[in-house]
Amino acid sequence: MEKDASLEKPAEKSPFPANYLPAAVEPALCEKWEQGKLYHYDPSRPRKDTFVVDTPPPTVSGELHVGHVFSYVQTDILVRFQRMQGKNIFYPMGWDDNGLPTERRVQNLFGVRCDPALPYTPDYKPTGPKKDLKDYEHISRRNFLELCELQTAVDEQKYEALWRRFGLSVDWRQTYSTVGAHCRKTSQLSFLDLFEKGHVYSAEAPTLWDTTFKTAVAQAETEDREASGFFHDVKFGVEGGGEFVISTTRPELLAACIAVVAHPDDERFKPLFGKKAVTPLFSARVPIMPSYHANPEKGTGIMMICTFGDIADVEFWRKEKLPMRQLIGRDGRLVPAEFGGPLFDSADPAAANAVYAQLAGLYAKQARTRVVALLKEAGALVGDPKPTQQAVKFYEKGDMPLEFVPARQWYIKILGNKPQLLEQGKKVAWHPDYMYKRYEQWVEGLNQDWCISRQRYFGVPFPVWYPVDAEGNTEFSKPILAAPERLPLDPATDCPPGYKPEQRGLPGGFIGDPDVMDTWATSSLTPMISSRWADDKARHEKLFPADLRPQAHEIIRTWAFYTITKAWMHENSVPWHNAAISGWVVSPDKGKMSKSKGKTVTPDDLLVTYSADSLRYWAGKAKLGQDTVYDESVFKVGMRLATKLFNASKFTLMQMNGPAMAGAPALTPADITEPLDRAWVERMKALTEASGRDFANYESSAMLLYVETAFWDFCDNYLELVKNRAYSGTPAAARSACATLEWTLGVFLRLFAPFLPFITEEVWGWSYAAALKQPSVHKAAWPAAAEMAAVSGDERVLDAARKVLVAIRTKKAAEKRSVKWPVVKLNVDCGPKGAASLKLALEDVLLAGCVDKAGFSLNEAGSDDAEPVVAVELGAV
RNA sequence: GCGCGGUUAGCUCAGCGGUAGAGCGCCUCUCUUACACAGAGGAUGCCACAGGUUCAAAUCCUGUACCGCGCACCA
């Protein structure tokens, strides 16, 4: 509709901005906070006044997404509350630039491959991406590492800028990078300490192995994936006569069969125990043994044990001390094998070798097809393969099923320490508390020690060398450990004590441990990295254990578990007192948010469309631990709340500057005399008490909800009721309203500050900063009822007033009249108590409702148990 | 198979012994000393199902179903 120019209000002489423009205001406030050193940790204050956060270091590989914003904001909200409790905040930020993601990124970006055997090239300049794999430049580990550091530094700046823009109140002086010297030193020192304490050992053993990345992986990095496979019924012979059928999904492992087992009580197979089975195709004679592992109900009830199909095979092999016929090589192909030799038994070596010749060199999957064909030819396959769905173990970042491959690896002892680790987990307060169950279940289900060595290049090397004996064999049993004061070092370029560099790799010389550590071996130390356990004991004593570990639930089994483990092993302590577990952001169809689902909105895009406050509002609304739907309509609600805060604050402050208050002295609680104002104060006092309690209990999302409701009630009802009186009432009545408004607005700004740090800070700066000599709302004290100890009231006054006001509005809406339309008659039927309450606020009610005083009547003969009845008559047109 | 969450308005969720709630969306209306990026008002529910405890159950207990997740099994 066209506006009638003659109805335009005269321009208000307002000291406040006309419109709220978050895109301009928010970045300016970021700058102000940085200049004011608002979030700096103060090392001079005692531990008991300090709140220490063990921030999750985000993986630096590409882009932050909206899920990051969600969980990091949730942490920041908790931190901001603690800051307003007067705590000295230690809130660091780490960068996880270690491990495979960075390695792959740098390879592609610069067209390089790492070859640890090469010497370091000073002043090396990369030449850029390559089309062909064969064009990739091969460079030394140190050069490769330098490229990684170069690239991650660029990414880290981008991340930091975005985090600042979202208002994370991190102390940006407290940063670390997991590939930096300090973290390498800490990781290596951790290794030495655990070695000394006997928690670490190396062993040549079957290891979970990813054939694509050609590295060992830990149990925690594996995941099950559904795959379709086939049961193949394979006929086995029995030495001395007889046969039976085994159902297997991995016939390619037939050549690696070392035993056949059935349940000890299974009558069908009892007579066979002690005899030898003869495998088809290879004629290997293997023992038939009883094992509780075999399930009579499954397959044919009798199964083969191979080296190695799964963890059960490994355990059985280990327990029975059976021979190892390792078939799968590190690249996932079948290795050469000689039947009739010491390892690969066969009653007919020539035939076995002829068969195996067709298999050697094939990938496991190809070998499977080939074996099945050969079995069929040999008449050893019973019936057709039967399709089945099975769960197959994968490395979480890999595309090929994991195999068990024997290799020398470093392990941290977990299995023997389960009871202690469960106990440590119980000492942590988990939020929500049921998340402890996940920890418990994971620890109970562990079946391997923690394998910490990886056959990769980019990562923290082990500070270990081995002597090479006169024959040129590496003596793994005699590791030479580095001295702590030399850390960090790289055994590939540094030299062990007592040796000369030119002795490297020679008989009588030495060789560096070729492996790097699992990235979690470093990540598990984050609270000790930021406390500087490795080089500043005093600081460490002060900052460890931390107060809060925020993290997502899917890494309870890795990050949380490993951190608890290391804190216990190193310091006999929990790493932190509280673990706040955030949920995931899920797409509207309830799947996990991912790029493949077409949700490629970046946080930067969202900042343009909405604002930091509005996204923070969305994150703040979600309960800890609970997955949350990505829903832009919630951003809009957050946006609206920020705008409302802006406008309501502006209006409130304008009312307080009306003619009634001109030149009046500063307001105090003693000014609050009107019953309606006191009723409102009463309500706000209850609100502040509840909010502090709920926030401390990690229930901030619930608190945001009711604070928001109260704020809307403030705008729609209380403010509407008192605005006239505040602006132009009698001096005492105006002072009462203004004092209430001033305190109330200050309370709301503080209650919202952790969630909406920008708009609250902006408004705070208009009047409170100077009046209270507290430049930032984020350093202001959390509101408390004690601030209004001198004021008490009866909330029924507020309720009575609100009810009448709502009835008047309802009538006007029904009659399609504007809110300002005059009311000529108003009658209220209620009980004596209701009447008494209403009378105390009557002036305000009549004024706010535009009611003709002469037309008002009150019938107080009714019952106080019944709802009051309000009859409204509007003026004629 | 075991465990943990969940199932409430069209959607997203809060409530967790005392008259079913919010926001979004929808409908109607309204420029009012801030806010039309707004406000006022309205419609909308066998609180998954079945039993039990209780004066009283969405809420507590016991089962069942379904959804999500974790763990284990995976010949």
# chains A, B, ... in the order shown; residues from 1 in each chain; ligands from 1
$ closest_atom_pairs --of "chain B" --to "chain A" --cutoff "8 Å" --atoms "only C-alpha atoms (C1' of nucleotides)" --output "Markdown table"
| residue | atom | partner | partner_atom | distance |
| --- | --- | --- | --- | --- |
| B:G3 | C1' | A:Gln441 | CA | 7.9 |
| B:C4 | C1' | A:Tyr434 | CA | 7.0 |
| B:U12 | C1' | A:Val629 | CA | 7.6 |
| B:A14 | C1' | A:Ala702 | CA | 7.7 |
| B:G23 | C1' | A:Val637 | CA | 7.7 |
| B:C24 | C1' | A:Ser633 | CA | 6.6 |
| B:C29 | C1' | A:Lys816 | CA | 5.4 |
| B:U30 | C1' | A:Ser818 | CA | 5.0 |
| B:U32 | C1' | A:Lys820 | CA | 5.9 |
| B:A34 | C1' | A:Phe651 | CA | 4.3 |
| B:C35 | C1' | A:Asn647 | CA | 5.3 |
| B:C37 | C1' | A:Arg640 | CA | 7.0 |
| B:A40 | C1' | A:Ala813 | CA | 6.4 |
| B:G41 | C1' | A:Ala813 | CA | 5.3 |
| B:G70 | C1' | A:Arg438 | CA | 6.3 |
| B:C71 | C1' | A:Gln441 | CA | 6.0 |
| B:A72 | C1' | A:Gly445 | CA | 7.3 |
| B:C74 | C1' | A:Ala391 | CA | 5.9 |
| B:A75 | C1' | A:Met303 | CA | 4.9 |
$ residues_around --residues "C60 in chain B" --least-positions-apart "3" --cutoff "10 Å" --atoms "only C-alpha atoms (C1' of nucleotides)" --output "ChimeraX atom specification"
/B:16-17,53-54,57
$ closest_residue --among "A:Ala262, A:Val707, A:Leu109, A:Leu847" --to "Ala753 in chain A" --atoms "only C-alpha atoms"
A:Val707
$ select_by_dssp --residues "range 263-466 of chain A" --states "strand (DSSP E)" --output "count of residues only"
49
$ select_by_dssp --residues "range 117-270 of chain A" --states "helix (DSSP H, G or I)" --output "mmCIF file with N, CA and C atoms, in the first residue's frame"
data_model
loop_
_atom_site.group_PDB
_atom_site.id
_atom_site.type_symbol
_atom_site.label_atom_id
_atom_site.label_comp_id
_atom_site.auth_asym_id
_atom_site.auth_seq_id
_atom_site.Cartn_x
_atom_site.Cartn_y
_atom_site.Cartn_z
ATOM 1 N N LEU A 133 50.358 -39.636 -13.212
ATOM 2 C CA LEU A 133 50.984 -40.128 -11.991
ATOM 3 C C LEU A 133 52.498 -40.231 -12.167
ATOM 4 N N LYS A 134 52.920 -40.563 -13.387
ATOM 5 C CA LYS A 134 54.352 -40.783 -13.603
ATOM 6 C C LYS A 134 55.141 -39.477 -13.592
ATOM 7 N N ASP A 135 54.440 -38.350 -13.735
ATOM 8 C CA ASP A 135 55.124 -37.060 -13.713
ATOM 9 C C ASP A 135 55.340 -36.514 -12.305
ATOM 10 N N ARG A 141 61.122 -36.782 2.811
ATOM 11 C CA ARG A 141 60.074 -36.620 3.817
ATOM 12 C C ARG A 141 60.073 -35.195 4.364
ATOM 13 N N ARG A 142 61.279 -34.673 4.597
ATOM 14 C CA ARG A 142 61.347 -33.335 5.177
ATOM 15 C C ARG A 142 60.786 -32.296 4.210
ATOM 16 N N ASN A 143 61.088 -32.455 2.938
ATOM 17 C CA ASN A 143 60.531 -31.526 1.944
ATOM 18 C C ASN A 143 59.007 -31.670 1.876
ATOM 19 N N PHE A 144 58.582 -32.905 1.923
ATOM 20 C CA PHE A 144 57.138 -33.150 1.872
ATOM 21 C C PHE A 144 56.436 -32.493 3.061
ATOM 22 N N LEU A 145 57.059 -32.672 4.213
ATOM 23 C CA LEU A 145 56.508 -32.083 5.433
ATOM 24 C C LEU A 145 56.416 -30.564 5.337
ATOM 25 N N GLU A 146 57.440 -29.974 4.743
ATOM 26 C CA GLU A 146 57.447 -28.511 4.607
ATOM 27 C C GLU A 146 56.295 -28.042 3.717
ATOM 28 N N LEU A 147 56.047 -28.803 2.670
ATOM 29 C CA LEU A 147 54.922 -28.455 1.801
ATOM 30 C C LEU A 147 53.608 -28.557 2.567
ATOM 31 N N CYS A 148 53.512 -29.599 3.381
ATOM 32 C CA CYS A 148 52.297 -29.776 4.177
ATOM 33 C C CYS A 148 52.093 -28.590 5.106
ATOM 34 N N GLU A 149 53.158 -28.175 5.734
ATOM 35 C CA GLU A 149 53.049 -27.049 6.670
ATOM 36 C C GLU A 149 52.675 -25.761 5.943
ATOM 37 N N LEU A 150 53.246 -25.608 4.768
ATOM 38 C CA LEU A 150 52.958 -24.440 3.942
ATOM 39 C C LEU A 150 51.469 -24.377 3.609
ATOM 40 N N GLN A 151 50.961 -25.489 3.122
ATOM 41 C CA GLN A 151 49.581 -25.532 2.679
ATOM 42 C C GLN A 151 48.615 -25.375 3.851
ATOM 43 N N THR A 152 48.891 -26.086 4.933
ATOM 44 C CA THR A 152 47.961 -26.033 6.061
ATOM 45 C C THR A 152 47.939 -24.644 6.689
ATOM 46 N N ALA A 153 49.067 -23.941 6.625
ATOM 47 C CA ALA A 153 49.096 -22.583 7.179
ATOM 48 C C ALA A 153 48.097 -21.688 6.441
ATOM 49 N N VAL A 154 48.011 -21.888 5.144
ATOM 50 C CA VAL A 154 47.064 -21.103 4.348
ATOM 51 C C VAL A 154 45.631 -21.424 4.761
ATOM 52 N N ASP A 155 45.349 -22.731 4.874
ATOM 53 C CA ASP A 155 44.001 -23.144 5.263
ATOM 54 C C ASP A 155 43.645 -22.654 6.653
ATOM 55 N N GLU A 156 44.616 -22.714 7.534
ATOM 56 C CA GLU A 156 44.348 -22.339 8.921
ATOM 57 C C GLU A 156 43.929 -20.885 9.051
ATOM 58 N N GLN A 157 44.530 -20.047 8.235
ATOM 59 C CA GLN A 157 44.143 -18.629 8.274
ATOM 60 C C GLN A 157 42.680 -18.457 7.869
ATOM 61 N N LYS A 158 42.304 -19.234 6.873
ATOM 62 C CA LYS A 158 40.924 -19.175 6.403
ATOM 63 C C LYS A 158 39.966 -19.625 7.507
ATOM 64 N N TYR A 159 40.342 -20.718 8.157
ATOM 65 C CA TYR A 159 39.508 -21.253 9.235
ATOM 66 C C TYR A 159 39.380 -20.235 10.369
ATOM 67 N N GLU A 160 40.517 -19.686 10.748
ATOM 68 C CA GLU A 160 40.501 -18.748 11.874
ATOM 69 C C GLU A 160 39.593 -17.567 11.571
ATOM 70 N N ALA A 161 39.692 -17.048 10.359
ATOM 71 C CA ALA A 161 38.871 -15.892 9.984
ATOM 72 C C ALA A 161 37.389 -16.239 10.110
ATOM 73 N N LEU A 162 37.050 -17.439 9.688
ATOM 74 C CA LEU A 162 35.637 -17.823 9.734
ATOM 75 C C LEU A 162 35.180 -18.014 11.187
ATOM 76 N N TRP A 163 36.017 -18.636 11.979
ATOM 77 C CA TRP A 163 35.653 -18.834 13.400
ATOM 78 C C TRP A 163 35.465 -17.489 14.106
ATOM 79 N N ARG A 164 36.347 -16.579 13.806
ATOM 80 C CA ARG A 164 36.201 -15.257 14.428
ATOM 81 C C ARG A 164 34.884 -14.622 13.997
ATOM 82 N N ARG A 165 34.575 -14.793 12.727
ATOM 83 C CA ARG A 165 33.366 -14.186 12.183
ATOM 84 C C ARG A 165 32.119 -14.756 12.843
ATOM 85 N N ALA A 181 56.204 -28.418 15.436
ATOM 86 C CA ALA A 181 57.289 -28.962 16.259
ATOM 87 C C ALA A 181 56.814 -29.309 17.669
ATOM 88 N N HIS A 182 55.986 -28.455 18.241
ATOM 89 C CA HIS A 182 55.554 -28.711 19.617
ATOM 90 C C HIS A 182 54.755 -30.012 19.715
ATOM 91 N N CYS A 183 53.858 -30.220 18.767
ATOM 92 C CA CYS A 183 53.063 -31.445 18.811
ATOM 93 C C CYS A 183 53.903 -32.672 18.490
ATOM 94 N N ARG A 184 54.853 -32.520 17.578
ATOM 95 C CA ARG A 184 55.733 -33.665 17.285
ATOM 96 C C ARG A 184 56.526 -34.027 18.531
ATOM 97 N N LYS A 185 57.014 -32.992 19.185
ATOM 98 C CA LYS A 185 57.786 -33.236 20.402
ATOM 99 C C LYS A 185 56.917 -33.916 21.455
ATOM 100 N N THR A 186 55.696 -33.385 21.646
ATOM 101 C CA THR A 186 54.815 -33.950 22.658
ATOM 102 C C THR A 186 54.482 -35.410 22.333
ATOM 103 N N SER A 187 54.207 -35.682 21.065
ATOM 104 C CA SER A 187 53.859 -37.046 20.673
ATOM 105 C C SER A 187 55.035 -37.989 20.895
ATOM 106 N N GLN A 188 56.212 -37.519 20.535
ATOM 107 C CA GLN A 188 57.382 -38.388 20.687
ATOM 108 C C GLN A 188 57.721 -38.591 22.157
ATOM 109 N N LEU A 189 57.555 -37.531 22.918
ATOM 110 C CA LEU A 189 57.815 -37.657 24.355
ATOM 111 C C LEU A 189 56.802 -38.620 24.990
ATOM 112 N N SER A 190 55.576 -38.524 24.526
ATOM 113 C CA SER A 190 54.541 -39.435 25.005
ATOM 114 C C SER A 190 54.953 -40.873 24.734
ATOM 115 N N PHE A 191 55.459 -41.096 23.521
ATOM 116 C CA PHE A 191 55.888 -42.447 23.162
ATOM 117 C C PHE A 191 56.996 -42.926 24.102
ATOM 118 N N LEU A 192 57.978 -42.073 24.329
ATOM 119 C CA LEU A 192 59.092 -42.461 25.202
ATOM 120 C C LEU A 192 58.605 -42.753 26.616
ATOM 121 N N ASP A 193 57.693 -41.906 27.093
ATOM 122 C CA ASP A 193 57.170 -42.074 28.449
ATOM 123 C C ASP A 193 56.398 -43.392 28.565
ATOM 124 N N LEU A 194 55.593 -43.669 27.566
ATOM 125 C CA LEU A 194 54.811 -44.908 27.615
ATOM 126 C C LEU A 194 55.721 -46.128 27.474
ATOM 127 N N PHE A 195 56.763 -45.976 26.679
ATOM 128 C CA PHE A 195 57.725 -47.072 26.530
ATOM 129 C C PHE A 195 58.374 -47.363 27.881
ATOM 130 N N GLU A 196 58.791 -46.295 28.524
ATOM 131 C CA GLU A 196 59.452 -46.428 29.817
ATOM 132 C C GLU A 196 58.520 -47.050 30.849
ATOM 133 N N GLN A 219 41.694 -50.671 15.301
ATOM 134 C CA GLN A 219 40.304 -51.130 15.363
ATOM 135 C C GLN A 219 39.325 -49.956 15.317
ATOM 136 N N ALA A 220 39.715 -48.872 15.969
ATOM 137 C CA ALA A 220 38.807 -47.731 16.058
ATOM 138 C C ALA A 220 38.567 -47.067 14.704
ATOM 139 N N GLU A 221 39.444 -47.308 13.756
ATOM 140 C CA GLU A 221 39.285 -46.648 12.454
ATOM 141 C C GLU A 221 38.597 -47.546 11.440
ATOM 142 N N PRO A 251 36.263 -68.380 -0.381
ATOM 143 C CA PRO A 251 36.958 -69.570 -0.889
ATOM 144 C C PRO A 251 38.394 -69.286 -1.330
ATOM 145 N N GLU A 252 38.689 -67.997 -1.622
ATOM 146 C CA GLU A 252 40.050 -67.688 -2.081
ATOM 147 C C GLU A 252 41.084 -67.950 -0.985
ATOM 148 N N LEU A 253 40.608 -68.069 0.251
ATOM 149 C CA LEU A 253 41.544 -68.316 1.347
ATOM 150 C C LEU A 253 41.778 -69.815 1.573
ATOM 151 N N LEU A 254 41.199 -70.633 0.708
ATOM 152 C CA LEU A 254 41.328 -72.082 0.881
ATOM 153 C C LEU A 254 42.786 -72.511 1.029
ATOM 154 N N ALA A 255 43.649 -71.906 0.230
ATOM 155 C CA ALA A 255 45.063 -72.285 0.292
ATOM 156 C C ALA A 255 45.687 -71.889 1.627
ATOM 157 N N ALA A 256 45.042 -70.994 2.353
ATOM 158 C CA ALA A 256 45.576 -70.545 3.634
ATOM 159 C C ALA A 256 44.931 -71.276 4.803
ATOM 160 N N LYS A 270 31.927 -84.833 16.146
ATOM 161 C CA LYS A 270 32.747 -85.372 17.244
ATOM 162 C C LYS A 270 33.708 -86.471 16.767
#
$ closest_residue --among "B:C27, B:A50, B:G10, B:C2" --to "A65 in chain B" --atoms "only C-alpha atoms (C1' of nucleotides)"
B:A50
